[in-house]
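Source file: my_file_30.cif (mmCIF, C-alpha atoms and all ligand atoms)
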```cif
data_input
loop_
_atom_site.label_atom_id
_atom_site.label_comp_id
_atom_site.auth_asym_id
_atom_site.auth_seq_id
_atom_site.Cartn_x
_atom_site.Cartn_y
_atom_site.Cartn_z
CA MET A 294 -56.33 6.26 22.72
CA TYR A 295 -53.39 7.66 20.70
CA ASN A 296 -50.06 6.58 22.09
CA SER A 297 -47.02 8.27 20.55
CA THR A 298 -44.88 5.20 21.25
CA ASP A 299 -46.99 3.04 18.93
CA LYS A 300 -44.76 2.63 15.92
CA ILE A 301 -44.60 0.46 12.85
CA ILE A 302 -42.31 -2.45 13.73
CA ILE A 303 -39.44 -2.99 11.30
CA PHE A 304 -38.47 -6.66 10.97
CA ASP A 305 -35.30 -6.98 8.93
CA THR A 306 -34.74 -10.24 7.06
CA THR A 307 -31.63 -9.26 5.06
CA LEU A 308 -29.67 -12.05 6.75
CA ARG A 309 -32.34 -14.70 6.06
CA ASP A 310 -34.54 -13.98 3.03
CA GLY A 311 -32.00 -11.44 1.70
CA GLU A 312 -29.26 -14.01 1.81
CA GLN A 313 -31.49 -16.28 -0.29
CA SER A 314 -30.67 -14.04 -3.28
CA PRO A 315 -28.73 -16.11 -5.79
CA GLY A 316 -25.02 -15.44 -5.22
CA ALA A 317 -25.44 -13.37 -2.04
CA THR A 318 -23.99 -15.87 0.43
CA LEU A 319 -22.40 -14.30 3.51
CA ASN A 320 -19.97 -15.84 5.98
CA ILE A 321 -20.47 -15.62 9.73
CA ASP A 322 -18.15 -12.61 10.21
CA GLU A 323 -19.89 -10.70 7.43
CA LYS A 324 -23.29 -11.51 8.95
CA LEU A 325 -22.15 -10.22 12.30
CA VAL A 326 -20.92 -6.94 10.79
CA ILE A 327 -24.28 -6.47 9.06
CA ALA A 328 -26.23 -7.38 12.22
CA LYS A 329 -24.31 -4.76 14.21
CA GLN A 330 -25.09 -2.13 11.58
CA LEU A 331 -28.78 -3.17 11.53
CA ALA A 332 -28.84 -2.60 15.30
CA ARG A 333 -27.33 0.89 14.79
CA LEU A 334 -29.94 1.53 12.12
CA GLY A 335 -32.59 0.80 14.76
CA VAL A 336 -34.45 -2.20 13.35
CA ASP A 337 -36.75 -3.78 15.93
CA ILE A 338 -36.17 -7.40 14.91
CA ILE A 339 -33.33 -9.11 13.06
CA GLU A 340 -34.19 -12.40 11.39
CA ALA A 341 -30.64 -13.69 11.63
CA GLY A 342 -31.07 -16.88 9.62
CA PHE A 343 -32.68 -20.30 9.37
CA ALA A 344 -30.92 -22.20 12.15
CA PHE A 345 -31.79 -25.70 10.95
CA ALA A 346 -30.70 -25.01 7.35
CA SER A 347 -26.96 -25.60 7.93
CA PRO A 348 -24.36 -25.61 10.71
CA GLY A 349 -23.10 -22.26 9.35
CA ASP A 350 -26.57 -20.72 9.62
CA PHE A 351 -26.98 -22.09 13.13
CA ALA A 352 -23.62 -20.65 14.18
CA ALA A 353 -24.45 -17.24 12.68
CA VAL A 354 -27.85 -16.99 14.40
CA SER A 355 -26.29 -18.07 17.66
CA LYS A 356 -23.38 -15.60 17.42
CA ILE A 357 -25.71 -12.71 16.52
CA ALA A 358 -28.03 -13.65 19.40
CA GLN A 359 -25.14 -13.53 21.86
CA THR A 360 -23.47 -10.40 20.47
CA VAL A 361 -26.22 -8.15 19.10
CA GLY A 362 -29.23 -9.48 21.03
CA THR A 363 -28.61 -7.38 24.15
CA GLU A 364 -31.31 -6.12 26.54
CA ASP A 365 -31.66 -2.81 24.70
CA GLY A 366 -30.82 -4.30 21.28
CA PRO A 367 -33.17 -5.81 18.69
CA ILE A 368 -35.12 -9.06 19.06
CA ILE A 369 -33.20 -11.88 17.39
CA CYS A 370 -35.29 -14.30 15.37
CA SER A 371 -34.69 -17.59 13.60
CA LEU A 372 -36.89 -19.06 10.90
CA ALA A 373 -38.15 -22.65 11.31
CA ARG A 374 -40.43 -24.82 9.20
CA ALA A 375 -43.39 -26.20 11.16
CA ARG A 376 -41.35 -29.22 12.22
CA HIS A 377 -40.00 -30.30 15.60
CA GLN A 378 -36.34 -30.43 14.57
CA ASP A 379 -36.42 -26.97 12.94
CA ILE A 380 -38.12 -25.36 15.94
CA LYS A 381 -35.71 -27.03 18.36
CA ALA A 382 -32.69 -25.75 16.40
CA ALA A 383 -34.19 -22.24 16.21
CA ALA A 384 -34.82 -22.23 19.96
CA GLU A 385 -31.27 -23.39 20.66
CA ALA A 386 -29.75 -20.78 18.33
CA ILE A 387 -31.60 -17.77 19.79
CA LYS A 388 -30.98 -18.83 23.40
CA GLY A 389 -28.18 -16.27 23.91
CA ALA A 390 -30.39 -13.30 23.04
CA ALA A 391 -32.06 -11.19 25.72
CA LYS A 392 -35.14 -11.18 23.47
CA GLY A 393 -35.56 -14.12 21.09
CA ARG A 394 -38.28 -15.02 18.60
CA ILE A 395 -39.12 -18.22 16.74
CA HIS A 396 -40.73 -17.69 13.32
CA THR A 397 -42.44 -20.82 12.10
CA PHE A 398 -44.32 -21.30 8.85
CA ILE A 399 -46.36 -23.70 6.74
CA ALA A 400 -48.02 -23.07 3.38
CA THR A 401 -51.78 -22.52 3.14
CA SER A 402 -52.47 -22.07 -0.58
CA ASP A 403 -54.13 -24.97 -2.40
CA ILE A 404 -51.27 -24.99 -4.94
CA HIS A 405 -48.72 -25.56 -2.17
CA LEU A 406 -50.93 -28.06 -0.32
CA GLN A 407 -51.52 -30.15 -3.43
CA TYR A 408 -48.06 -30.13 -5.04
CA LYS A 409 -45.58 -29.38 -2.28
CA LEU A 410 -46.97 -30.53 1.05
CA LYS A 411 -49.43 -33.18 -0.20
CA LYS A 412 -51.62 -32.41 2.81
CA THR A 413 -55.29 -31.57 3.27
CA ARG A 414 -56.39 -28.26 4.76
CA SER A 415 -57.33 -29.89 8.07
CA GLU A 416 -53.91 -31.57 8.28
CA VAL A 417 -52.22 -28.18 7.74
CA VAL A 418 -54.30 -26.54 10.47
CA ALA A 419 -53.41 -29.34 12.89
CA VAL A 420 -49.66 -29.08 12.14
CA ALA A 421 -49.70 -25.28 12.46
CA GLU A 422 -51.47 -25.41 15.83
CA GLU A 423 -49.26 -28.16 17.19
CA MET A 424 -46.00 -26.53 16.06
CA VAL A 425 -46.91 -23.08 17.41
CA ALA A 426 -47.73 -24.69 20.77
CA TYR A 427 -44.42 -26.56 20.65
CA ALA A 428 -42.46 -23.38 19.84
CA LYS A 429 -44.24 -21.67 22.73
CA THR A 430 -42.55 -24.09 25.13
CA PHE A 431 -39.22 -22.34 24.31
CA THR A 432 -40.16 -18.64 24.16
CA ASP A 433 -43.24 -16.45 24.49
CA ASP A 434 -42.46 -14.55 21.30
CA ILE A 435 -43.82 -16.67 18.44
CA GLU A 436 -44.43 -15.58 14.87
CA PHE A 437 -46.45 -17.71 12.48
CA SER A 438 -46.57 -17.34 8.68
CA PRO A 439 -49.10 -19.03 6.39
CA GLU A 440 -46.78 -19.24 3.39
CA ASP A 441 -48.28 -18.10 0.07
CA ALA A 442 -51.07 -16.28 1.94
CA GLY A 443 -51.42 -13.99 -1.08
CA ARG A 444 -52.80 -16.92 -3.10
CA SER A 445 -54.63 -18.67 -0.24
CA ASP A 446 -58.39 -18.85 0.25
CA PRO A 447 -59.10 -16.03 2.75
CA GLU A 448 -61.71 -18.11 4.62
CA PHE A 449 -59.11 -20.82 5.21
CA LEU A 450 -56.57 -18.19 6.28
CA TYR A 451 -59.00 -16.82 8.89
CA GLU A 452 -59.39 -20.31 10.33
CA VAL A 453 -55.64 -21.01 10.47
CA LEU A 454 -54.88 -17.62 12.03
CA GLU A 455 -57.54 -17.98 14.72
CA LYS A 456 -56.17 -21.40 15.68
CA VAL A 457 -52.48 -20.38 15.79
CA ILE A 458 -53.28 -17.30 17.88
CA ASN A 459 -55.12 -19.55 20.34
CA ALA A 460 -52.06 -21.83 20.34
CA GLY A 461 -49.81 -18.88 21.31
CA ALA A 462 -48.71 -16.97 18.19
CA THR A 463 -48.09 -13.32 19.11
CA THR A 464 -47.39 -12.14 15.55
CA VAL A 465 -49.19 -13.41 12.45
CA ASN A 466 -47.27 -12.65 9.30
CA ILE A 467 -49.05 -12.53 5.94
CA PRO A 468 -46.63 -13.37 3.11
CA ASP A 469 -47.19 -12.56 -0.53
CA THR A 470 -44.62 -15.26 -1.21
CA VAL A 471 -44.65 -15.02 -4.99
CA GLY A 472 -45.28 -11.26 -5.31
CA TYR A 473 -48.62 -11.86 -7.03
CA THR A 474 -51.05 -9.50 -5.33
CA THR A 475 -51.82 -5.89 -6.21
CA PRO A 476 -51.97 -3.11 -3.59
CA SER A 477 -55.77 -2.99 -3.36
CA GLU A 478 -56.00 -6.79 -3.12
CA PHE A 479 -53.32 -6.97 -0.44
CA GLY A 480 -54.93 -4.15 1.54
CA ALA A 481 -58.30 -5.94 1.32
CA LEU A 482 -56.69 -9.18 2.52
CA ILE A 483 -55.37 -7.45 5.66
CA LYS A 484 -58.73 -5.73 6.22
CA GLY A 485 -60.50 -9.10 5.89
CA ILE A 486 -58.17 -10.64 8.47
CA LYS A 487 -58.81 -7.78 10.91
CA GLU A 488 -62.54 -8.13 10.49
CA ASN A 489 -62.91 -11.92 10.38
CA VAL A 490 -60.36 -13.41 12.77
CA PRO A 491 -62.14 -13.13 16.13
CA ASN A 492 -59.00 -13.09 18.32
CA ILE A 493 -56.84 -10.95 15.99
CA ASP A 494 -56.42 -8.25 18.65
CA LYS A 495 -54.20 -10.67 20.60
CA ALA A 496 -51.57 -10.64 17.81
CA ILE A 497 -49.68 -8.15 15.69
CA ILE A 498 -50.40 -8.34 11.98
CA SER A 499 -47.19 -8.43 9.96
CA VAL A 500 -46.62 -8.44 6.20
CA HIS A 501 -43.93 -10.04 4.07
CA GLY A 502 -43.76 -9.70 0.31
CA HIS A 503 -41.69 -10.34 -2.77
CA ASP A 504 -41.19 -7.96 -5.65
CA ASP A 505 -41.94 -10.16 -8.68
CA LEU A 506 -44.25 -7.49 -10.13
CA GLY A 507 -42.43 -4.56 -8.52
CA LEU A 508 -45.36 -4.03 -6.13
CA ALA A 509 -43.98 -5.15 -2.75
CA VAL A 510 -43.52 -1.69 -1.21
CA ALA A 511 -46.85 -0.40 -2.53
CA ASN A 512 -48.57 -3.52 -1.16
CA PHE A 513 -47.04 -2.95 2.29
CA LEU A 514 -48.10 0.68 2.44
CA GLU A 515 -51.65 -0.36 1.61
CA ALA A 516 -51.38 -3.05 4.30
CA VAL A 517 -50.37 -0.41 6.88
CA LYS A 518 -53.50 1.58 6.01
CA ASN A 519 -55.56 -1.54 6.76
CA GLY A 520 -54.00 -2.60 10.05
CA ALA A 521 -50.57 -4.19 9.45
CA ARG A 522 -48.13 -3.05 12.14
CA GLN A 523 -44.98 -5.05 11.34
CA LEU A 524 -43.15 -4.88 7.99
CA GLU A 525 -40.70 -7.59 6.93
CA CYS A 526 -38.12 -6.18 4.58
CA THR A 527 -34.49 -6.24 3.46
CA ILE A 528 -31.78 -3.66 2.83
CA ASN A 529 -31.67 -2.74 -0.88
CA GLY A 530 -34.67 -5.07 -1.35
CA ILE A 531 -32.44 -8.10 -1.86
CA GLY A 532 -33.99 -11.56 -1.57
CA GLU A 533 -35.39 -14.60 -3.31
CA ARG A 534 -35.94 -13.97 -7.10
CA ALA A 535 -36.87 -10.28 -7.61
CA GLY A 536 -36.23 -9.66 -3.92
CA ASN A 537 -38.21 -8.49 -0.91
CA ALA A 538 -39.80 -5.15 -0.05
CA ALA A 539 -36.93 -2.67 0.38
CA LEU A 540 -36.49 -1.40 3.95
CA GLU A 541 -35.19 2.03 2.92
CA GLU A 542 -38.15 2.64 0.59
CA LEU A 543 -40.72 1.65 3.21
CA VAL A 544 -39.09 3.68 5.96
CA MET A 545 -38.70 6.82 3.84
CA GLY A 546 -42.19 6.38 2.35
CA LEU A 547 -43.63 6.32 5.86
CA HIS A 548 -41.39 9.19 6.97
CA VAL A 549 -41.84 11.59 4.07
CA ARG A 550 -45.61 10.94 3.94
CA ARG A 551 -46.18 10.52 7.68
CA GLN A 552 -48.92 13.11 7.75
CA TYR A 553 -50.80 11.03 5.17
CA PHE A 554 -50.34 7.82 7.19
CA ASN A 555 -50.94 9.29 10.68
CA PRO A 556 -54.75 8.94 10.66
CA PHE A 557 -54.51 5.24 9.75
CA LEU A 558 -52.47 4.76 12.92
CA GLY A 559 -54.87 6.73 15.07
CA ARG A 560 -52.49 9.70 15.29
CA PRO A 561 -53.33 13.36 14.81
CA ALA A 562 -52.93 14.10 11.09
CA ASN A 563 -50.42 16.88 11.66
CA SER A 564 -48.12 14.92 14.00
CA LEU A 565 -44.46 14.96 12.94
CA GLU A 566 -43.53 12.03 15.22
CA PRO A 567 -41.54 9.38 13.34
CA LEU A 568 -43.56 6.29 12.43
CA THR A 569 -40.66 3.86 12.92
CA ASN A 570 -37.65 3.53 15.24
CA ILE A 571 -35.23 3.71 12.30
CA ASP A 572 -32.39 6.24 12.39
CA THR A 573 -32.75 7.25 8.76
CA ARG A 574 -29.25 8.83 8.73
CA GLN A 575 -27.86 5.28 8.84
CA LEU A 576 -29.69 4.16 5.68
CA TYR A 577 -27.11 5.03 3.07
CA LYS A 578 -24.23 3.55 5.05
CA THR A 579 -26.20 0.32 5.65
CA SER A 580 -27.07 0.06 1.97
CA ARG A 581 -23.41 0.42 0.95
CA LEU A 582 -22.30 -2.16 3.53
CA VAL A 583 -24.85 -4.77 2.41
CA SER A 584 -24.03 -4.14 -1.22
CA SER A 585 -20.30 -4.54 -0.75
CA LEU A 586 -20.52 -7.67 1.45
CA THR A 587 -23.13 -9.47 -0.68
CA GLY A 588 -21.63 -8.29 -3.98
CA MET A 589 -25.13 -7.25 -5.08
CA LEU A 590 -24.85 -3.91 -6.84
CA VAL A 591 -27.48 -1.24 -6.28
CA GLN A 592 -28.95 0.03 -9.55
CA PRO A 593 -28.15 3.76 -10.04
CA ASN A 594 -31.81 4.75 -10.28
CA LYS A 595 -32.83 2.78 -7.17
CA ALA A 596 -35.14 4.84 -4.95
CA ILE A 597 -33.51 6.36 -1.83
CA VAL A 598 -30.05 4.74 -2.03
CA GLY A 599 -29.23 4.61 -5.76
CA ALA A 600 -26.33 6.77 -6.97
CA ASN A 601 -28.76 8.98 -8.89
CA ALA A 602 -31.47 9.21 -6.21
CA PHE A 603 -30.40 12.74 -5.25
CA ALA A 604 -28.59 13.71 -8.44
CA HIS A 605 -29.92 16.39 -10.80
CA GLU A 606 -28.78 16.49 -14.42
CA SER A 607 -31.13 18.64 -16.45
CA GLY A 608 -30.56 22.39 -16.56
CA ILE A 609 -34.14 23.19 -15.56
CA HIS A 610 -33.95 20.91 -12.52
CA GLN A 611 -30.48 22.12 -11.52
CA ASP A 612 -31.55 25.74 -11.74
CA GLY A 613 -34.64 25.01 -9.63
CA VAL A 614 -32.70 23.10 -6.95
CA LEU A 615 -30.05 25.80 -6.73
CA LYS A 616 -32.80 28.37 -6.12
CA ASN A 617 -34.72 26.16 -3.68
CA LYS A 618 -34.25 22.41 -3.13
CA LEU A 619 -37.98 21.91 -2.60
CA THR A 620 -38.57 22.46 -6.33
CA TYR A 621 -37.30 18.97 -7.23
CA GLU A 622 -36.53 17.20 -3.93
CA ILE A 623 -39.11 15.61 -1.65
CA MET A 624 -36.53 14.75 1.01
CA ASP A 625 -33.20 16.07 2.11
CA ALA A 626 -30.20 13.92 1.14
CA GLN A 627 -28.86 14.43 4.68
CA LEU A 628 -31.87 12.52 6.03
CA ILE A 629 -30.48 9.25 4.67
CA GLY A 630 -26.91 10.07 5.67
CA LEU A 631 -25.59 11.73 2.52
CA THR A 632 -23.84 15.07 2.94
CA GLN A 633 -25.64 16.95 0.16
CA ASN A 634 -27.58 16.54 -3.04
CA GLN A 635 -25.58 16.07 -6.22
CA ILE A 636 -25.58 18.37 -9.18
CA VAL A 637 -24.25 16.26 -12.04
CA LEU A 638 -22.85 18.34 -14.85
CA GLY A 639 -23.68 16.99 -18.29
CA LYS A 640 -25.14 18.06 -21.60
CA HIS A 641 -28.51 18.93 -20.00
CA SER A 642 -26.99 21.28 -17.43
CA GLY A 643 -27.62 25.01 -17.50
CA ARG A 644 -25.51 28.13 -16.90
CA ASN A 645 -26.57 28.49 -13.28
CA ALA A 646 -25.27 25.01 -12.39
CA VAL A 647 -21.98 25.62 -14.24
CA ARG A 648 -21.54 29.02 -12.58
CA THR A 649 -22.27 27.54 -9.11
CA ARG A 650 -19.81 24.66 -9.54
CA LEU A 651 -17.12 27.02 -10.84
CA LYS A 652 -17.67 29.27 -7.84
CA GLU A 653 -17.26 26.24 -5.53
CA LEU A 654 -13.99 25.51 -7.36
CA GLY A 655 -12.81 29.11 -6.79
CA TYR A 656 -13.54 30.65 -10.21
CA GLU A 657 -15.49 33.93 -10.17
CA LEU A 658 -15.92 34.60 -13.92
CA THR A 659 -17.22 37.74 -15.57
CA GLU A 660 -20.43 37.30 -17.56
CA THR A 661 -18.39 37.36 -20.81
CA ASP A 662 -15.95 34.69 -19.61
CA LEU A 663 -18.80 32.61 -18.26
CA ASN A 664 -20.56 32.80 -21.63
CA LYS A 665 -17.45 31.63 -23.43
CA ALA A 666 -16.82 28.86 -20.92
CA PHE A 667 -20.44 27.76 -21.17
CA VAL A 668 -20.28 27.43 -24.98
CA ARG A 669 -17.15 25.30 -24.62
CA PHE A 670 -18.77 23.31 -21.80
CA LYS A 671 -21.71 22.37 -24.06
CA GLU A 672 -19.33 21.24 -26.81
CA VAL A 673 -17.44 18.97 -24.42
CA ALA A 674 -20.63 17.75 -22.72
CA ASP A 675 -21.97 16.57 -26.08
CA LYS A 676 -19.03 14.16 -26.28
CA LYS A 677 -18.83 13.03 -22.61
CA LYS A 678 -21.47 11.50 -20.34
CA GLU A 679 -20.43 13.56 -17.33
CA ILE A 680 -18.23 16.63 -16.92
CA THR A 681 -15.92 16.27 -13.96
CA ASP A 682 -14.42 19.12 -11.93
CA TRP A 683 -11.16 18.43 -13.67
CA ASP A 684 -12.79 18.85 -17.13
CA LEU A 685 -14.40 22.04 -15.98
CA GLU A 686 -11.18 23.56 -14.69
CA ALA A 687 -9.35 22.54 -17.87
CA LEU A 688 -11.90 24.17 -20.15
CA VAL A 689 -12.10 27.37 -18.09
CA ASN A 690 -8.34 27.69 -18.03
CA ASP A 691 -8.26 27.20 -21.83
CA GLU A 692 -10.89 29.90 -22.36
CA ILE A 693 -9.24 32.37 -20.00
CA GLN A 694 -5.79 31.81 -21.53
CA GLN A 695 -7.15 32.29 -25.06
CA ALA A 696 -8.83 35.57 -24.12
O1 LIG B 1 -41.76 -15.52 1.24
C1 LIG B 1 -42.17 -16.21 2.21
O2 LIG B 1 -43.29 -16.70 2.25
C2 LIG B 1 -41.25 -16.41 3.31
C3 LIG B 1 -41.82 -17.06 4.54
C4 LIG B 1 -40.90 -18.04 5.13
C5 LIG B 1 -42.23 -15.99 5.51
O3 LIG B 1 -40.10 -16.02 3.24
ZN ZN B 2 -39.90 -14.50 1.64
#
```

Spit out the file's structure as C-alpha cells when you get a sec.
Amino acid sequence: MYNSTDKIIIFDTTLRDGEQSPGATLNIDEKLVIAKQLARLGVDIIEAGFAFASPGDFAAVSKIAQTVGTEDGPIICSLARARHQDIKAAAEAIKGAAKGRIHTFIATSDIHLQYKLKKTRSEVVAVAEEMVAYAKTFTDDIEFSPEDAGRSDPEFLYEVLEKVINAGATTVNIPDTVGYTTPSEFGALIKGIKENVPNIDKAIISVHGHDDLGLAVANFLEAVKNGARQLECTINGIGERAGNAALEELVMGLHVRRQYFNPFLGRPANSLEPLTNIDTRQLYKTSRLVSSLTGMLVQPNKAIVGANAFAHESGIHQDGVLKNKLTYEIMDAQLIGLTQNQIVLGKHSGRNAVRTRLKELGYELTETDLNKAFVRFKEVADKKKEITDWDLEALVNDEIQQA
C-alpha cells in the first residue's frame, strides 16, 4: 500500500567519512555548527564521528548528541569497528541523544579478510553476529556494514546479512568502499540482496559509496531503483580519497526526476510529493559552510552547488534563458537557496544579455547606441574573462560620450 510518508532516508556522514578527507579536520565547535546546519537542512541521521577514534571525536559525538539530538531532531550515530571497546565508546557518546544509533562494521571481501583482518569467512560471520548482539544491548537502532561489499562474494554477503539481522541489525548498509562498482552492477547487488536474504524485510537497505570512478551518485540512484531506502552521503561529496556520494546531487537528482523514481517506490508516477525530508533551499548555504570550515574548495563546475552550476555564458544560452528559463535550466536556482540564475557576461554573450543587464543597471539605450556599445563590449570581452557591471557601465559611458 502506498504511504506518502515513506521517504528515502538521508544519512549524512560529512562529520565522519567527510572529515576523513585529507586536510579536512574540524574542531568540536566547527562540528557543532555543521551539525546544527545539517539539522536545519533536514537530514534524518547525522553520523557525528567515530567515538573510539580519539578523545576529540568522542567529545564531538557526545556534544552533538546532547545539543542536536533532540526528540524532533535527527538520529545521532557513531561509527564503531566490530569490537567491544569501539561499541562501548559509541554507546557512551550517543547516550545524550533522544534517538541514537550505533553503526558497526567489519570487512567481508576476500582481499580484506586475507590481508587486513587475517580471518576466515566463518570467523567474520561470528564476530559480526556477536558484535551486533552486543551493540543491541545499548540501543535498538543498530546499523551493520559489511565493508568492501562491492568486492565481496554476494553469496557470502547474503549469509552475513541474514545473521546480523537475526542478531538485531535494523539497517544493513552496503558499502562500495573503494568506488569500484558500476551502476548496473551495484543495482544488481542490491536486487540480489533483496531476493536472497530471507529476513531482509526486517531491515532497511542502505548504501554507502566512494567516488573513485566518479560513479557514486549514479550507483546510488540505481540502488534506489532496486530497493535501497537509505543513502549515506556527504555535503559537497567530501570524504576519503575521491570522496563520498554528494548529498546535494542525490537529493536534487531524486527531486528533479521524482516522477521517474516514483514507481520504484510504489508511488503513483505523477506524484509531486518530495522523496526526501531535505529542505532543498538550505543546500547552497550548507555547501558554503562546509567548504569554508573544512577549507575544501568546491570546483566551479560542481553539479548543484558549484559557482557555475546556474551560470550561463554563451549568447545562445543566455538568449534562451532570458526568453524562458526552461530552455537551459532543469531546476530553479531558488530551489537550492540561490536568489536567481546568473547570466555571466563574456565573449560568448549575445546582444539580448547585454541589453538586459544594461536595463537592470538603469541604461535604456537606443538600438544605435546599443549596437555601438555591443561592438565595444565584444572587443573588451576578447581581452577579459568576464565583463563586470563596472566594465559595462564604463564602456557604455565612453560610447555615449563619444556620440
Ligand atoms: O567506505 C566504507 O566502507 C565505510 C564504512 C565504515 C561504512 O566508510
Ligand atoms: Zn566510506

Exercise for the section: Find the distance between CA of Glu422 in chain A and CA of Glu452 in chain A and write it in Å to one decimal. Expected result: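 Here the two named atoms are 10.9 Å from each other.
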
Practice task
Point out the residue among A:Leu524, A:Leu651, A:Ala386, A:Ala352 with the least atom-to-atom distance to Glu686 in chain A, counting all atoms listed in the file.
Solution key: A:Leu651

Completion exercise
From CA of Ile380 in chain A to CA of Ala346 in chain A the spacing works out at 11.4 Å

Problem - Closest of A:Asp379, A:Asp310, A:Glu566, A:Asp675 to ligand LIG 1 (chain B) - atom-to-atom distances counting all atoms listed in the file - result: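 So, comparing all the options, the nearest one is A:Asp310.
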
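Closest to ligand LIG 1 (chain B) among A:Thr360, A:Thr470, A:Ser445, A:Gln407 is A:Thr470, based on all atoms listed in the file.
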
Problem - Neighbour residues at most 10 Å from (-19.2, 16.9, -20.9) (only C-alpha atoms) as JSON, numbers by chain - result: {"A": [638, 639, 640, 641, 642, 669, 670, 671, 672, 673, 674, 675, 676, 677, 678, 679, 680, 681, 684, 685]}

Practice task
Write out as a PyMOL selection string each polymer residue whose atoms come within 8 Å of Gly472 in chain A, counting all atoms listed in the file; drop sequence neighbours fewer than 3 positions from it.
Solution key: chain A and resi 443+469+502-509

Practice task
Select the residues contacting ligand ZN 2 (chain B) at a distance of at most 12 Å, based on all atoms listed in the file, then format the selection as an MDAnalysis selection string.
Solution key: chainID A and resid 305:314 340 372 398 400 438:443 466:472 500:505 509 524:527 530:538

Practice task
Could you tell me how far CA of Ala516 in chain A lies from CA of Ile483 in chain A, in Å and to one decimal?
Solution key: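 These two atoms are separated by 6.1 Å.
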
Show me, as a short mmCIF file (atom, residue, chain, number, x, y, z; two decimals) with C-alpha atoms, keeping the file's coordinate frame, the residues that have an atom within 10 Å of range 602-617 of chain A when counting only C-alpha atoms, minus same-chain residues fewer than 5 positions from it.
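That gives us selection.cif:
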```cif
data_model
loop_
_atom_site.label_atom_id
_atom_site.label_comp_id
_atom_site.auth_asym_id
_atom_site.auth_seq_id
_atom_site.Cartn_x
_atom_site.Cartn_y
_atom_site.Cartn_z
CA PRO A 593 -28.15 3.76 -10.04
CA ASN A 594 -31.81 4.75 -10.28
CA LYS A 595 -32.83 2.78 -7.17
CA ALA A 596 -35.14 4.84 -4.95
CA ILE A 597 -33.51 6.36 -1.83
CA GLU A 622 -36.53 17.20 -3.93
CA ILE A 623 -39.11 15.61 -1.65
CA MET A 624 -36.53 14.75 1.01
CA ASP A 625 -33.20 16.07 2.11
CA ALA A 626 -30.20 13.92 1.14
CA LEU A 631 -25.59 11.73 2.52
CA GLN A 633 -25.64 16.95 0.16
CA ASN A 634 -27.58 16.54 -3.04
CA GLN A 635 -25.58 16.07 -6.22
CA ILE A 636 -25.58 18.37 -9.18
CA VAL A 637 -24.25 16.26 -12.04
CA LEU A 638 -22.85 18.34 -14.85
CA GLY A 639 -23.68 16.99 -18.29
CA LYS A 640 -25.14 18.06 -21.60
CA HIS A 641 -28.51 18.93 -20.00
CA SER A 642 -26.99 21.28 -17.43
CA GLY A 643 -27.62 25.01 -17.50
CA ARG A 644 -25.51 28.13 -16.90
CA ASN A 645 -26.57 28.49 -13.28
CA ALA A 646 -25.27 25.01 -12.39
CA VAL A 647 -21.98 25.62 -14.24
CA THR A 649 -22.27 27.54 -9.11
CA GLU A 679 -20.43 13.56 -17.33
#
```

Problem - Residue nearest ligand LIG 1 (chain B) - candidates A:Asp322, A:Asp691, A:Glu436, A:Asp365, atoms counted: only C-alpha atoms and all ligand atoms - result: A:Glu436

Practice task
Just the residues within 9 Å of range 570-583 of chain A, please, counting all atoms listed in the file, with nothing from its chain fewer than 3 positions along; format it as a PyMOL selection string.
Solution key: chain A and resi 300-303+307+326-327+330-331+333-337+528-529+540-541+544-545+567+586-589+591+597-598+627-631

Practice task
Could you tell me which of A:Ser564, A:Thr397, A:Thr432, A:Thr318 comes closest to ligand LIG 1 (chain B) if we count all atoms listed in the file?
Solution key: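 Of the candidates, the smallest distance to ligand LIG 1 (chain B) is held by A:Thr397.
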
Fill in the blank from the handout: Across A:Gly520, A:Pro447, A:Gly559, A:Gly393, the smallest distance to Gly480 in chain A, with all atoms listed in the file counted, is shown by A:Gly520

Problem - Neighbour list for Lys429 in chain A as a list in words, cut-off 10 Å, all atoms listed in the file, skip fewer than 2 positions in-chain - result: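 Contacts, with the query itself left out: Ile380, Ala384, Arg394, Ile395, Glu423, Met424, Val425, Ala426, Tyr427, Phe431, Thr432, Asp433, Asp434, Ile435, Glu436, Ala460, Gly461, Ala462 and Thr463 of chain A.
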
Exercise for the section: Excluding Ser477 in chain A and residues on its chain fewer than 5 positions from it, collect all residues at most 9 Å away from it, counting all atoms listed in the file, and give them as a PyMOL selection string. Expected result: chain A and resi 482+512+515-516

Given 5 Å on each side, where is the centre and what are the edge lengths in Å to one decimal of the axis-aligned box enclosing the listed atoms of ligand LIG 1 (chain B), as lines of an AutoDock Vina configuration file?
```
center_x = -41.7
center_y = -16.8
center_z = 3.4
size_x = 13.2
size_y = 12.5
size_z = 14.3
```
